[in-house]
Structure formats: structure tokens, C-alpha cells
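Colleague: Enclosed is the structure file coords_24.cif (mmCIF, C-alpha atoms).
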data_protein
loop_
_atom_site.label_atom_id
_atom_site.label_comp_id
_atom_site.auth_asym_id
_atom_site.auth_seq_id
_atom_site.Cartn_x
_atom_site.Cartn_y
_atom_site.Cartn_z
CA MET F 1 23.08 -28.60 29.18
CA MET F 2 23.63 -27.36 25.66
CA ARG F 3 21.04 -29.80 24.35
CA ARG F 4 18.52 -28.53 26.84
CA LEU F 5 19.02 -24.96 25.59
CA ILE F 6 18.61 -26.05 21.98
CA LEU F 7 15.20 -27.42 22.87
CA PHE F 8 14.09 -23.91 23.76
CA ILE F 9 14.89 -22.47 20.34
CA PRO F 10 11.47 -23.27 18.79
CA LEU F 11 9.78 -21.57 21.75
CA LEU F 12 11.93 -18.48 21.26
CA ILE F 13 11.12 -18.42 17.54
CA PHE F 14 7.45 -18.77 18.39
CA PHE F 15 7.61 -15.76 20.72
CA ALA F 16 9.54 -13.65 18.22
CA MET F 17 6.97 -14.38 15.52
CA GLY F 18 4.16 -13.79 17.97
CA ILE F 19 5.51 -10.33 18.80
CA PHE F 20 5.86 -9.47 15.10
CA LEU F 21 2.33 -10.62 14.30
CA TRP F 22 0.95 -8.86 17.36
CA ARG F 23 2.55 -5.63 16.22
CA GLY F 24 1.10 -6.25 12.78
CA LEU F 25 -2.37 -6.28 14.30
CA GLN F 26 -1.88 -2.75 15.65
CA LEU F 27 -0.90 -1.33 12.27
CA ASP F 28 -3.53 0.32 10.12
CA PRO F 29 -3.26 -1.33 6.71
CA THR F 30 -5.27 1.45 5.05
CA GLU F 31 -2.58 3.98 5.86
CA LEU F 32 -0.10 3.87 3.01
CA PRO F 33 3.25 5.56 3.22
CA SER F 34 3.36 8.27 0.60
CA ALA F 35 5.76 7.67 -2.23
CA LEU F 36 6.25 11.43 -2.43
CA ILE F 37 7.72 12.20 1.00
CA GLY F 38 10.85 14.27 0.44
CA LYS F 39 9.87 15.01 -3.14
CA PRO F 40 8.61 18.31 -4.49
CA MET F 41 4.95 18.98 -5.06
CA PRO F 42 4.11 17.58 -8.53
CA ALA F 43 3.95 20.16 -11.29
CA PHE F 44 0.45 21.25 -12.23
CA GLN F 45 -1.43 23.97 -14.04
CA LEU F 46 -4.98 24.27 -12.83
CA SER F 47 -7.44 27.08 -12.36
CA SER F 48 -8.28 28.63 -9.03
CA LEU F 49 -11.55 27.50 -7.50
CA TYR F 50 -12.56 31.12 -6.87
CA ASP F 51 -11.55 32.55 -10.22
CA GLU F 52 -11.66 30.44 -13.34
CA SER F 53 -9.34 32.76 -15.24
CA ARG F 54 -6.54 32.55 -12.66
CA THR F 55 -4.08 29.74 -13.27
CA LEU F 56 -2.24 28.23 -10.32
CA THR F 57 0.96 26.20 -10.46
CA GLU F 58 3.15 24.46 -7.90
CA ARG F 59 5.11 27.74 -7.56
CA ASP F 60 2.11 29.33 -5.86
CA LEU F 61 2.54 26.89 -2.98
CA GLN F 62 6.15 27.82 -2.25
CA GLY F 63 7.47 30.44 0.15
CA LYS F 64 6.52 29.18 3.59
CA PRO F 65 5.66 25.92 5.32
CA ALA F 66 2.01 25.11 4.76
CA LEU F 67 -0.66 22.46 4.80
CA VAL F 68 -2.22 21.19 1.60
CA ASN F 69 -5.67 19.77 2.14
CA VAL F 70 -7.40 17.61 -0.48
CA TRP F 71 -11.15 18.02 -0.08
CA ALA F 72 -14.48 17.78 -1.86
CA THR F 73 -18.10 18.53 -1.11
CA TRP F 74 -19.05 14.89 -1.76
CA CYS F 75 -16.74 13.73 1.00
CA PRO F 76 -18.41 13.44 4.41
CA THR F 77 -15.16 13.30 6.37
CA CYS F 78 -14.11 16.58 4.75
CA LYS F 79 -17.14 18.19 6.38
CA GLN F 80 -16.16 16.70 9.71
CA GLU F 81 -12.66 18.11 9.62
CA HIS F 82 -13.65 21.47 8.20
CA ALA F 83 -14.19 23.13 11.59
CA GLN F 84 -10.76 21.97 12.69
CA LEU F 85 -9.19 23.44 9.56
CA ASN F 86 -10.98 26.75 10.20
CA LYS F 87 -9.61 26.75 13.72
CA ILE F 88 -6.07 25.97 12.57
CA ALA F 89 -6.16 28.73 9.98
CA ARG F 90 -7.74 31.38 12.21
CA GLU F 91 -6.30 30.72 15.65
CA GLU F 92 -2.88 29.44 14.72
CA GLY F 93 -2.38 31.42 11.53
CA VAL F 94 -1.33 28.37 9.53
CA THR F 95 -1.32 28.66 5.76
CA ILE F 96 -3.64 26.06 4.29
CA TYR F 97 -3.86 25.47 0.57
CA GLY F 98 -6.84 23.54 -0.72
CA ILE F 99 -7.14 21.09 -3.56
CA ASN F 100 -10.77 20.78 -4.53
CA TYR F 101 -10.72 17.20 -5.77
CA LYS F 102 -13.17 15.96 -8.43
CA ASP F 103 -15.82 18.41 -7.44
CA ASP F 104 -18.25 20.90 -8.85
CA ARG F 105 -17.09 24.52 -8.85
CA ALA F 106 -20.42 26.07 -7.88
CA LYS F 107 -21.09 23.51 -5.15
CA ALA F 108 -17.62 23.95 -3.72
CA ASN F 109 -17.91 27.73 -3.59
CA ASP F 110 -21.33 27.46 -1.93
CA TRP F 111 -19.90 25.08 0.60
CA LEU F 112 -17.06 27.43 1.52
CA GLN F 113 -19.48 30.31 1.95
CA ARG F 114 -21.69 28.29 4.21
CA TYR F 115 -18.99 26.71 6.37
CA GLN F 116 -16.28 29.41 6.17
CA ASP F 117 -13.13 29.22 4.13
CA PRO F 118 -9.86 28.25 5.82
CA TYR F 119 -7.91 28.15 2.55
CA VAL F 120 -5.48 30.79 1.33
CA LEU F 121 -5.96 29.52 -2.18
CA ASN F 122 -7.86 26.67 -3.67
CA ILE F 123 -6.80 24.59 -6.64
CA PHE F 124 -9.71 23.35 -8.71
CA ASP F 125 -8.94 19.79 -9.81
CA PRO F 126 -12.18 18.54 -11.40
CA ASN F 127 -10.65 15.51 -13.14
CA GLY F 128 -8.40 14.53 -10.28
CA THR F 129 -5.22 14.91 -12.35
CA LEU F 130 -3.26 16.58 -9.56
CA GLY F 131 -4.79 14.07 -7.16
CA LEU F 132 -3.45 11.27 -9.33
CA ASP F 133 0.02 12.81 -9.41
CA LEU F 134 -0.06 13.18 -5.62
CA GLY F 135 -1.16 9.57 -5.17
CA VAL F 136 -4.42 10.60 -3.53
CA TYR F 137 -6.59 7.56 -2.97
CA GLY F 138 -9.29 8.95 -0.77
CA ALA F 139 -10.25 12.42 0.36
CA PRO F 140 -9.54 14.00 2.74
CA GLU F 141 -5.78 13.92 2.65
CA THR F 142 -3.49 16.50 4.18
CA TYR F 143 0.14 17.14 3.30
CA VAL F 144 2.78 19.24 5.01
CA LEU F 145 4.91 21.28 2.59
CA ASP F 146 8.10 23.04 3.57
CA LYS F 147 8.93 26.50 2.29
CA ASP F 148 10.46 25.09 -0.88
CA GLY F 149 7.34 23.15 -1.70
CA ILE F 150 8.81 19.77 -0.72
CA ILE F 151 6.31 17.27 0.68
CA ARG F 152 7.33 16.41 4.25
CA TYR F 153 4.37 14.53 5.66
CA ARG F 154 1.11 13.03 4.58
CA HIS F 155 -1.99 12.24 6.56
CA VAL F 156 -4.88 10.29 5.06
CA GLY F 157 -8.22 10.83 6.73
CA GLU F 158 -9.73 13.38 9.07
CA VAL F 159 -7.62 16.09 10.64
CA ASN F 160 -8.75 16.25 14.25
CA GLU F 161 -7.12 17.74 17.32
CA LYS F 162 -4.79 14.75 17.74
CA VAL F 163 -3.72 14.67 14.10
CA TRP F 164 -3.24 18.42 14.11
CA ARG F 165 -0.78 18.10 17.01
CA GLN F 166 1.25 15.67 14.87
CA LEU F 167 1.12 18.00 11.88
CA ARG F 168 2.12 20.95 14.07
CA ASP F 169 5.14 19.03 15.36
CA VAL F 170 6.23 18.33 11.79
CA MET F 171 5.78 21.99 10.85
CA GLN F 172 7.63 23.27 13.90
CA LYS F 173 10.57 21.04 13.08
CA LEU F 174 10.59 22.52 9.57
CA ASP F 175 10.67 26.03 11.00
CA GLY F 176 13.50 25.07 13.33
CA GLY F 177 15.45 23.55 10.45
CA ALA F 178 14.97 26.60 8.27
CA SER F 179 16.13 29.25 10.75
CA MET Q 1 -44.50 -18.41 -29.95
CA SER Q 2 -44.75 -14.68 -29.39
CA SER Q 3 -48.45 -14.84 -30.14
CA SER Q 4 -48.89 -16.94 -26.99
CA LEU Q 5 -47.25 -14.30 -24.79
CA SER Q 6 -49.52 -12.11 -22.73
CA GLY Q 7 -48.93 -8.38 -22.51
CA LEU Q 8 -47.07 -8.79 -19.22
CA GLY Q 9 -44.96 -11.60 -20.63
CA ARG Q 10 -43.98 -9.47 -23.55
CA LEU Q 11 -43.01 -6.64 -21.23
CA LEU Q 12 -40.89 -9.02 -19.13
CA LEU Q 13 -39.21 -10.39 -22.22
CA ALA Q 14 -38.40 -6.89 -23.39
CA LEU Q 15 -36.96 -6.06 -19.97
CA ALA Q 16 -34.94 -9.27 -19.91
CA LEU Q 17 -33.47 -8.48 -23.30
CA TRP Q 18 -32.68 -4.96 -22.18
CA LEU Q 19 -30.91 -6.02 -18.96
CA PRO Q 20 -27.60 -7.16 -20.45
CA LEU Q 21 -27.28 -3.81 -22.20
CA ALA Q 22 -27.89 -1.92 -18.98
CA ALA Q 23 -25.39 -4.08 -17.13
CA GLN Q 24 -22.77 -3.57 -19.77
CA ALA Q 25 -23.11 0.18 -19.47
CA ALA Q 26 -21.71 0.05 -15.90
CA ILE Q 27 -18.41 -1.43 -17.07
CA ASP Q 28 -16.09 0.94 -18.82
CA ALA Q 29 -15.58 -0.05 -22.41
CA PHE Q 30 -12.06 0.42 -23.66
CA GLU Q 31 -11.02 0.39 -27.28
CA PHE Q 32 -7.56 -0.89 -28.07
CA LYS Q 33 -5.51 -0.51 -31.19
CA ASP Q 34 -4.73 -4.23 -31.29
CA GLU Q 35 -5.22 -7.47 -29.42
CA ALA Q 36 -1.72 -7.39 -27.90
CA THR Q 37 -2.44 -4.04 -26.24
CA ARG Q 38 -5.68 -5.41 -24.85
CA GLU Q 39 -3.81 -8.30 -23.33
CA ARG Q 40 -1.20 -5.97 -21.84
CA PHE Q 41 -3.98 -3.86 -20.36
CA GLN Q 42 -5.62 -6.90 -18.80
CA HIS Q 43 -2.29 -8.12 -17.47
CA LEU Q 44 -1.35 -4.72 -15.98
CA THR Q 45 -4.70 -4.07 -14.33
CA ALA Q 46 -4.59 -7.56 -12.82
CA GLU Q 47 -1.04 -7.08 -11.48
CA LEU Q 48 -1.59 -3.65 -9.92
CA ARG Q 49 -3.30 -3.30 -6.60
CA CYS Q 50 -6.04 -0.80 -5.95
CA PRO Q 51 -4.80 1.72 -3.34
CA LYS Q 52 -8.25 2.21 -1.81
CA CYS Q 53 -9.74 -1.27 -1.66
CA GLN Q 54 -6.63 -3.09 -0.72
CA ASN Q 55 -7.48 -6.65 -1.50
CA GLN Q 56 -8.56 -6.09 -5.06
CA ASN Q 57 -6.59 -5.38 -8.15
CA ILE Q 58 -7.35 -2.42 -10.36
CA ALA Q 59 -9.24 -4.58 -12.84
CA ASP Q 60 -11.64 -5.90 -10.21
CA SER Q 61 -12.29 -2.87 -8.11
CA ASN Q 62 -15.33 -0.62 -8.47
CA SER Q 63 -13.83 2.26 -6.51
CA PRO Q 64 -13.52 5.58 -8.35
CA ILE Q 65 -9.76 5.61 -7.94
CA ALA Q 66 -9.45 2.20 -9.60
CA SER Q 67 -11.58 3.43 -12.47
CA ASP Q 68 -9.33 6.51 -12.80
CA LEU Q 69 -6.27 4.30 -12.84
CA ARG Q 70 -7.79 2.02 -15.50
CA HIS Q 71 -8.39 5.06 -17.67
CA GLU Q 72 -4.87 6.30 -17.02
CA ILE Q 73 -3.35 2.94 -17.93
CA HIS Q 74 -5.48 2.78 -21.05
CA ARG Q 75 -4.40 6.29 -22.03
CA MET Q 76 -0.72 5.48 -21.49
CA LEU Q 77 -1.01 2.25 -23.47
CA GLN Q 78 -2.64 4.07 -26.37
CA GLU Q 79 0.19 6.59 -26.27
CA GLY Q 80 2.67 3.77 -26.62
CA ALA Q 81 4.06 3.58 -23.08
CA SER Q 82 5.84 0.37 -22.15
CA ASP Q 83 4.70 -1.86 -19.28
CA ASP Q 84 7.68 -0.70 -17.22
CA ASP Q 85 6.76 2.95 -17.81
CA ILE Q 86 3.27 2.32 -16.51
CA VAL Q 87 4.42 0.37 -13.46
CA ASP Q 88 6.98 3.11 -12.68
CA PHE Q 89 4.24 5.71 -13.02
CA MET Q 90 2.09 3.90 -10.48
CA VAL Q 91 4.93 3.25 -8.04
CA ALA Q 92 6.03 6.90 -8.20
CA ARG Q 93 2.57 7.91 -7.02
CA TYR Q 94 1.33 5.13 -4.78
CA GLY Q 95 4.57 3.46 -3.70
CA ASP Q 96 5.61 -0.19 -3.83
CA PHE Q 97 2.28 -0.97 -2.25
CA VAL Q 98 0.52 -1.08 -5.64
CA LEU Q 99 2.63 -3.97 -6.82
CA TYR Q 100 1.19 -7.40 -6.16
CA ARG Q 101 4.59 -8.77 -7.15
CA PRO Q 102 7.06 -6.74 -5.08
CA ARG Q 103 10.27 -5.65 -6.73
CA LEU Q 104 13.61 -6.95 -5.56
CA ASN Q 105 15.37 -4.27 -3.54
CA ASN Q 106 17.03 -3.96 -0.15
CA GLU Q 107 13.72 -3.78 1.66
CA THR Q 108 12.24 -6.82 -0.04
CA LEU Q 109 15.38 -8.98 0.00
CA LEU Q 110 14.18 -10.87 3.06
CA LEU Q 111 10.75 -11.29 1.50
CA TRP Q 112 12.14 -12.83 -1.67
CA TYR Q 113 14.99 -14.91 -0.26
CA GLY Q 114 13.74 -15.50 3.30
CA PRO Q 115 11.83 -18.67 2.33
CA PHE Q 116 14.93 -20.12 0.63
CA GLY Q 117 16.94 -19.28 3.74
CA LEU Q 118 14.39 -21.08 5.91
CA LEU Q 119 14.45 -24.04 3.54
CA LEU Q 120 18.22 -24.14 3.81
CA ILE Q 121 18.10 -24.04 7.60
CA GLY Q 122 15.52 -26.83 7.55
CA ALA Q 123 17.68 -28.94 5.22
CA VAL Q 124 20.72 -28.48 7.46
CA VAL Q 125 18.74 -29.46 10.55
CA VAL Q 126 17.37 -32.57 8.83
CA LEU Q 127 20.82 -33.49 7.58
CA VAL Q 128 22.40 -33.10 11.02
CA LEU Q 129 19.63 -35.10 12.68
CA THR Q 130 19.72 -37.97 10.18
CA ARG Q 131 23.47 -38.17 10.36
CA LYS Q 132 23.36 -38.28 14.14
CA ARG Q 133 20.71 -41.00 14.03
CA ARG Q 134 22.66 -43.02 11.50
CA ARG Q 135 25.69 -42.87 13.74
CA ALA Q 136 23.60 -43.98 16.69
CA VAL Q 137 22.19 -46.88 14.68
CA ALA Q 138 25.67 -47.87 13.54
CA ALA Q 139 26.83 -47.79 17.15
CA ASP Q 140 23.98 -50.13 18.11
CA GLU Q 141 24.85 -52.62 15.38
CA HIS Q 142 28.60 -52.70 15.97
CA PRO Q 143 29.12 -51.61 19.55
CA GLU Q 144 32.69 -52.99 19.60
CA HIS Q 145 33.77 -50.21 17.19
CA HIS Q 146 33.28 -47.67 19.91
CA LEU Q 147 35.32 -49.33 22.60
CA SER Q 148 38.71 -48.04 23.64
CA ALA Q 149 41.68 -50.38 23.40
CA ALA Q 150 41.54 -51.15 27.14
CA GLU Q 151 37.82 -51.91 26.96
CA LYS Q 152 38.36 -54.18 23.99
CA ARG Q 153 40.98 -56.17 25.82
CA ARG Q 154 38.64 -56.57 28.77
CA LEU Q 155 35.81 -57.64 26.46
CA ASP Q 156 38.02 -60.23 24.79
CA GLU Q 157 39.02 -61.57 28.19
CA LEU Q 158 35.41 -61.88 29.27
CA LEU Q 159 34.49 -63.64 26.03
CA LYS Q 160 37.39 -66.05 26.50
CA GLN Q 161 36.20 -66.79 30.02
CA ASP Q 162 32.81 -67.71 28.56
CA GLU Q 163 34.36 -70.13 26.15
CA LYS Q 164 36.06 -72.04 28.92
#
Before we go any further, please render this structure as C-alpha cells.

Modeller:
Amino acid sequence: MMRRLILFIPLLIFFAMGIFLWRGLQLDPTELPSALIGKPMPAFQLSSLYDESRTLTERDLQGKPALVNVWATWCPTCKQEHAQLNKIAREEGVTIYGINYKDDRAKANDWLQRYQDPYVLNIFDPNGTLGLDLGVYGAPETYVLDKDGIIRYRHVGEVNEKVWRQLRDVMQKLDGGAS
Amino acid sequence: MSSSLSGLGRLLLALALWLPLAAQAAIDAFEFKDEATRERFQHLTAELRCPKCQNQNIADSNSPIASDLRHEIHRMLQEGASDDDIVDFMVARYGDFVLYRPRLNNETLLLWYGPFGLLLIGAVVVLVLTRKRRRAVAADEHPEHHLSAAEKRRLDELLKQDEK
């Protein structure tokens, strides 16, 4: 009897591996876990997109839970998600900070005038230095910050209705934890 | 020889000579303070994975982010950073993912030692099987070794009967 059972072990191993590999197929390999989850927003000193003389630092992003959206005018997906960001900012009153990543100041300002501006403030990062410190590897990327400026969540790619629900859940949990 | 070239031929020759220059311009040219630094740069960019185009290293990839990272590595090397500093810098931003040669930590323990574990299991299985087989073969060659005392007596009796 025992020997019979032993004969089934390879089959069991085969199924276990099959399940693992099958799960692996469902994963999106382009979605990298951020190395910065639970860490504070990297320190930076960059000018505001709207006003060249105004310097912004990581302290400007503290105070309340917010979204940080990395965007650029050369990025087609950023255009796709822009309406959603406008909706989030206007209808739900969510604070969204922008990082204008490797872009042209004039073009970016034009763009915001044409498609409306969901951002409370916009960090102008023409050389992508802040992007590099954040580990940005493709715009758009969206981060959830808590009120102390700690990065809680990262989403790479378009923010659509479905993704926004995820982000909202994360933000609501932050609010709950804070009060 | 050039006198035999037609106008078009001369133009083509000029273009052909110009091509390598144009091609070179697309590759970033880095200056290094010495040959050892150049080698470290080449080694590092080959060992680090491009976060955007996942199956290429930073040296191979054409993506803008890989180009940024090459510049960053070059800058750090020129400033005298050690290889470990640079690898730490990359891991702090992009996670363990950027390493083609994963570090040994709790998460990667299975990855590093799993194959040795499997090898060990295989060796044990082979050992057990061969030993079992050897015993079986031995039993075939000397079956009388496996008889109980009573069976042996009976066997001897039977053999004696034969002799009669």
C-alpha cells in the first residue's frame, strides 16, 4: 500500500509545479514592486512647473494623503488618463501632485491649459532626477503618499476607473489609520 | 582608381565613408579616467537589468531609462563610487529586480540553495534505490541466506532426499 502511494509522488509534484507555473502566467512581469514602499518621498529641490522662481521640496508634499502623478506631454498614456485625474481631483476632492517628467515647460503648461489641470502643484523635473530617485521607469506612474509624505502604494501605467478604486481603497485605509 | 569613379560612385563612396560616423553618433560616448574604470563600467552595465525592457541589460538597451542609468553609473564612477555603492543605488530605486545575479537573502534562499536541495534529494533517492536493488540481487545469488532456521532444515532434508 505504502509503495503504491509513493508512486503518486511525482504526479503530485507535477501538479504543484503546474499550479505555480500557471499562476506565473497570470502575473504581469512589467509591473515591478516599488523599492520605495514604506519609505519617505526622496528629497528633491526642483522648480515649480508654473513658476520657475518657486522652488519645491519634498516638504511641500506633506500634510495630507495625496496622489503623486508622474506625467509628460510626450507620453500618450498620460493623455488617456488625464480625464480620469481631472475627475478624481474635481469630483472627489483628492489632492494630486504632479511630477512633470523630462518635459518641456512651455509644452507642459500649454497642455494643462488645453486639457484642464488636476494638479495642486507641479514639480518640473526636466532631467528626470527626481524620477530616477523614485525609480520611475515609464510614465505615467502614480504613487499614494500618506500625510507624512511616506510612499504607500505605486501604480505603473494608466489610472482608469478600476485602478482609481484600488488607489481610493489605499487612501481610505490611510485616513482610517490616521484618525 | 578614383579617376575611374563616376560622379554617382564618388557620392556613394562619400556616403559610405560618412555612415560609420553617423552610426557612432547614436551610441553615447563615455570618457573614463582609466582603463580599469572603463572595465568596471562595462561590467556594471552588463550585470544590471534595464527596468523598462526587462530582458536586456543596461548596456544593451536603447530605452531612455537605460541611457539615463548609463549616464548615472558613469557619473558615479567618475566621482569615485565603488561597485557596491552603485549597485546599492540601483537597488534602492528599482528593487532587487535590477540585479541579474540576485543577492542572497531570506527571499532568495530557496533560489540559491533550492537546486542543491533537489540534487541532494535526487542523490538520496538514487542511493536508496541502488541499495535496494543490490540487496535484491544478493538475495537472488544466495537465496539460502534469507531462509529462517526452520526453512533451512527443511531445505537440507529435501537435498538429502535427492542424494539418496

Colleague: Which residues match the PyMOL selection byres ((chain F) within 8 of (chain Q)) in the file above, as a PyMOL selection string?

Modeller: chain F and resi 30+32-36+132-135+137-138

Colleague: CA of Asn62 (chain Q) and CA of Val159 (chain F), how far apart in Å?

Modeller: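 According to the coordinates, CA of Val159 (chain F) and CA of Asn62 (chain Q) are separated by 26.5 Å.
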
Colleague: Using all atoms listed in the file, which protein or nucleic acid residues come within 8 Å of region 72-78 of chain F? Drop anything in the same chain fewer than 5 positions from it, and give the result as a VMD selection string.

Modeller: chain F and resid 100 to 103 107 to 108 111 139 to 140 157 to 158

Colleague: At what distance in Å, to one decimal, does CA of Arg165 (chain F) lie from CA of Gln84 (chain F)?

Modeller: 11.5 Å

Colleague: Calculate how many Å separate CA of Glu151 (chain Q) from CA of Lys132 (chain Q), rounding to one decimal.

Modeller: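 Those two atoms sit 23.6 Å apart.
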